[in-house]
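Coordinates from final29.pdb are shown below (PDB, C-alpha atoms, pLDDT in the B column).
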ATOM      1  CA  VAL A   1      -9.235  -3.112  -7.642  1.00 93.00           C
ATOM      2  CA  VAL A   2      -6.412  -2.017  -9.920  1.00 93.00           C
ATOM      3  CA  GLU A   3      -6.615   1.533 -11.256  1.00 94.00           C
ATOM      4  CA  ILE A   4      -4.598   2.468 -14.330  1.00 91.00           C
ATOM      5  CA  GLY A   5      -5.003   5.291 -16.787  1.00 81.00           C
ATOM      6  CA  GLY A   6      -8.356   6.313 -15.296  1.00 85.00           C
ATOM      7  CA  LYS A   7      -9.762   2.795 -15.674  1.00 90.00           C
ATOM      8  CA  VAL A   8     -10.779   0.570 -12.760  1.00 92.00           C
ATOM      9  CA  ILE A   9     -10.278  -3.183 -13.121  1.00 92.00           C
ATOM     10  CA  PRO A  10     -11.948  -5.393 -10.500  1.00 92.00           C
ATOM     11  CA  ALA A  11      -9.684  -8.043  -9.017  1.00 89.00           C
ATOM     12  CA  THR A  12     -10.004 -10.806  -6.443  1.00 88.00           C
ATOM     13  CA  PRO A  13      -6.740 -12.244  -5.157  1.00 86.00           C
ATOM     14  CA  ALA A  14      -6.595 -16.024  -4.885  1.00 87.00           C
ATOM     15  CA  ALA A  15      -6.116 -17.574  -1.461  1.00 88.00           C
ATOM     16  CA  THR A  16      -2.763 -19.289  -0.964  1.00 90.00           C
ATOM     17  CA  SER A  17      -1.357 -21.561   1.725  1.00 90.00           C
ATOM     18  CA  GLY A  18       0.787 -18.874   3.342  1.00 90.00           C
ATOM     19  CA  TRP A  19       2.233 -15.358   3.244  1.00 90.00           C
ATOM     20  CA  ASP A  20       5.322 -16.642   1.417  1.00 91.00           C
ATOM     21  CA  LYS A  21       3.244 -18.311  -1.334  1.00 91.00           C
ATOM     22  CA  PHE A  22       2.090 -16.301  -4.336  1.00 92.00           C
ATOM     23  CA  SER A  23      -0.281 -16.941  -7.232  1.00 91.00           C
ATOM     24  CA  VAL A  24      -0.775 -15.195 -10.575  1.00 91.00           C
ATOM     25  CA  THR A  25      -4.115 -13.532 -11.294  1.00 90.00           C
ATOM     26  CA  ALA A  26      -4.723 -12.288 -14.850  1.00 90.00           C
ATOM     27  CA  LEU A  27      -7.026  -9.275 -14.900  1.00 90.00           C
ATOM     28  CA  GLY A  28      -7.589  -8.820 -18.608  1.00 88.00           C
ATOM     29  CA  THR A  29      -6.576  -5.983 -20.902  1.00 88.00           C
ATOM     30  CA  VAL A  30      -6.592  -2.217 -20.700  1.00 88.00           C
ATOM     31  CA  GLU A  31      -5.736   0.252 -23.463  1.00 86.00           C
ATOM     32  CA  ILE A  32      -3.046   2.736 -22.510  1.00 84.00           C
ATOM     33  CA  GLN A  33      -2.386   5.812 -24.612  1.00 82.00           C
ATOM     34  CA  PRO A  34       1.280   6.419 -25.449  1.00 82.00           C
ATOM     35  CA  GLY A  35       3.304   9.231 -23.908  1.00 82.00           C
ATOM     36  CA  GLY A  36       3.715  10.628 -20.422  1.00 82.00           C
ATOM     37  CA  ASN A  37       3.752   8.983 -17.031  1.00 88.00           C
ATOM     38  CA  LEU A  38       0.999   6.699 -15.836  1.00 89.00           C
ATOM     39  CA  GLU A  39       0.088   5.892 -12.247  1.00 92.00           C
ATOM     40  CA  VAL A  40      -0.994   2.390 -11.223  1.00 93.00           C
ATOM     41  CA  ASN A  41      -2.887   1.959  -7.933  1.00 94.00           C
ATOM     42  CA  VAL A  42      -4.012  -1.187  -6.152  1.00 93.00           C
ATOM     43  CA  ARG A  43      -6.627  -0.634  -3.453  1.00 92.00           C
ATOM     44  CA  SER A  44      -9.613  -2.153  -1.750  1.00 92.00           C
ATOM     45  CA  ALA A  45     -12.871  -1.745  -3.667  1.00 90.00           C
ATOM     46  CA  ASP A  46     -14.622  -1.046  -0.348  1.00 92.00           C
ATOM     47  CA  PRO A  47     -12.585   0.437   2.517  1.00 90.00           C
ATOM     48  CA  GLN A  48     -15.158  -0.922   5.005  1.00 93.00           C
ATOM     49  CA  THR A  49     -14.345  -4.530   4.068  1.00 89.00           C
ATOM     50  CA  TRP A  50     -10.584  -4.053   3.536  1.00 88.00           C
ATOM     51  CA  LYS A  51      -8.356  -7.059   4.302  1.00 87.00           C
ATOM     52  CA  ALA A  52      -4.584  -7.249   4.023  1.00 87.00           C
ATOM     53  CA  ILE A  53      -3.045  -9.097   1.084  1.00 88.00           C
ATOM     54  CA  ASN A  54       0.587  -9.874   0.380  1.00 89.00           C
ATOM     55  CA  LEU A  55       1.036  -8.341  -3.081  1.00 91.00           C
ATOM     56  CA  ASN A  56       4.337  -9.307  -4.686  1.00 92.00           C
ATOM     57  CA  SER A  57       4.142  -7.368  -7.959  1.00 92.00           C
ATOM     58  CA  VAL A  58       1.963  -5.912 -10.702  1.00 91.00           C
ATOM     59  CA  ARG A  59       3.093  -6.759 -14.230  1.00 91.00           C
ATOM     60  CA  LEU A  60       1.928  -4.977 -17.379  1.00 88.00           C
ATOM     61  CA  VAL A  61       2.537  -6.962 -20.556  1.00 88.00           C
ATOM     62  CA  PRO A  62       2.109  -5.521 -24.059  1.00 87.00           C
ATOM     63  CA  VAL A  63      -0.451  -7.266 -26.253  1.00 85.00           C
ATOM     64  CA  SER A  64       0.693  -8.150 -29.778  1.00 75.00           C
ATOM     65  CA  GLN A  65      -0.983  -6.170 -32.517  1.00 59.00           C
TER      66      GLN A  65
END
Entire entry expressed as structure tokens:
Amino acid sequence: VVEIGGKVIPATPAATSGWDKFSVTALGTVEIQPGGNLEVNVRSADPQTWKAINLNSVRLVPVSQ
């Protein structure tokens, strides 16, 4: 899951052909209130079934009004 601004967004990373191969997974939209710092966390939804992933980056893109 990705946690941002108190919201939890479920995510499932796509399988790739190797640790040096990456894919893009769009997770949807989240409304962020202006001002202050915001923490973004990526974690397993269930620690009991945790598996390693090779996360390259998390990108937040503004949505046009």
Mind checking which residues fall within 8 Å of A:Pro10, counting all atoms listed in the file, ignoring those fewer than 6 positions away in the same chain, and posting them as a count of residues only?
4
As a check of understanding, name the residues that the PyMOL selection byres ((chain A and resi 21-23) around 12) selects in the supplied structure, as a PyMOL selection string.
chain A and resi 12-20+24-26+53-58
Box time for stretch 9-19 of chain A: axis-aligned, enclosing all its listed atoms, 3 Å extra on each side; report centre and edge lengths in Å to one decimal, as AutoDock Vina command-line options.
--center_x -4.9 --center_y -12.4 --center_z -4.9 --size_x 20.2 --size_y 24.4 --size_z 22.5
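Between atom CA of A:Ser64 and atom CA of A:Lys7 there is a distance of 20.7 Å.
Closest approach to A:Ala11 among A:Thr49, A:Gly36, A:Val42, A:Val61: A:Val42, based on only C-alpha atoms.
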At what distance in Å, to one decimal, does atom CA of A:Pro34 lie from atom CA of A:Glu3?
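Atom-to-atom, atom CA of A:Glu3 and atom CA of A:Pro34 are spaced 17.0 Å apart.
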Fewer than 5 positions away in the same chain doesn't count, so skip those; otherwise give me all residues within 10 Å of A:Glu31, counting only C-alpha atoms, as a PyMOL selection string.
chain A and resi 4-5+7+62-63
Between atom CA of A:Gly6 and atom CA of A:Asn37, distance in Å (one decimal):
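So the answer is 12.5 Å.
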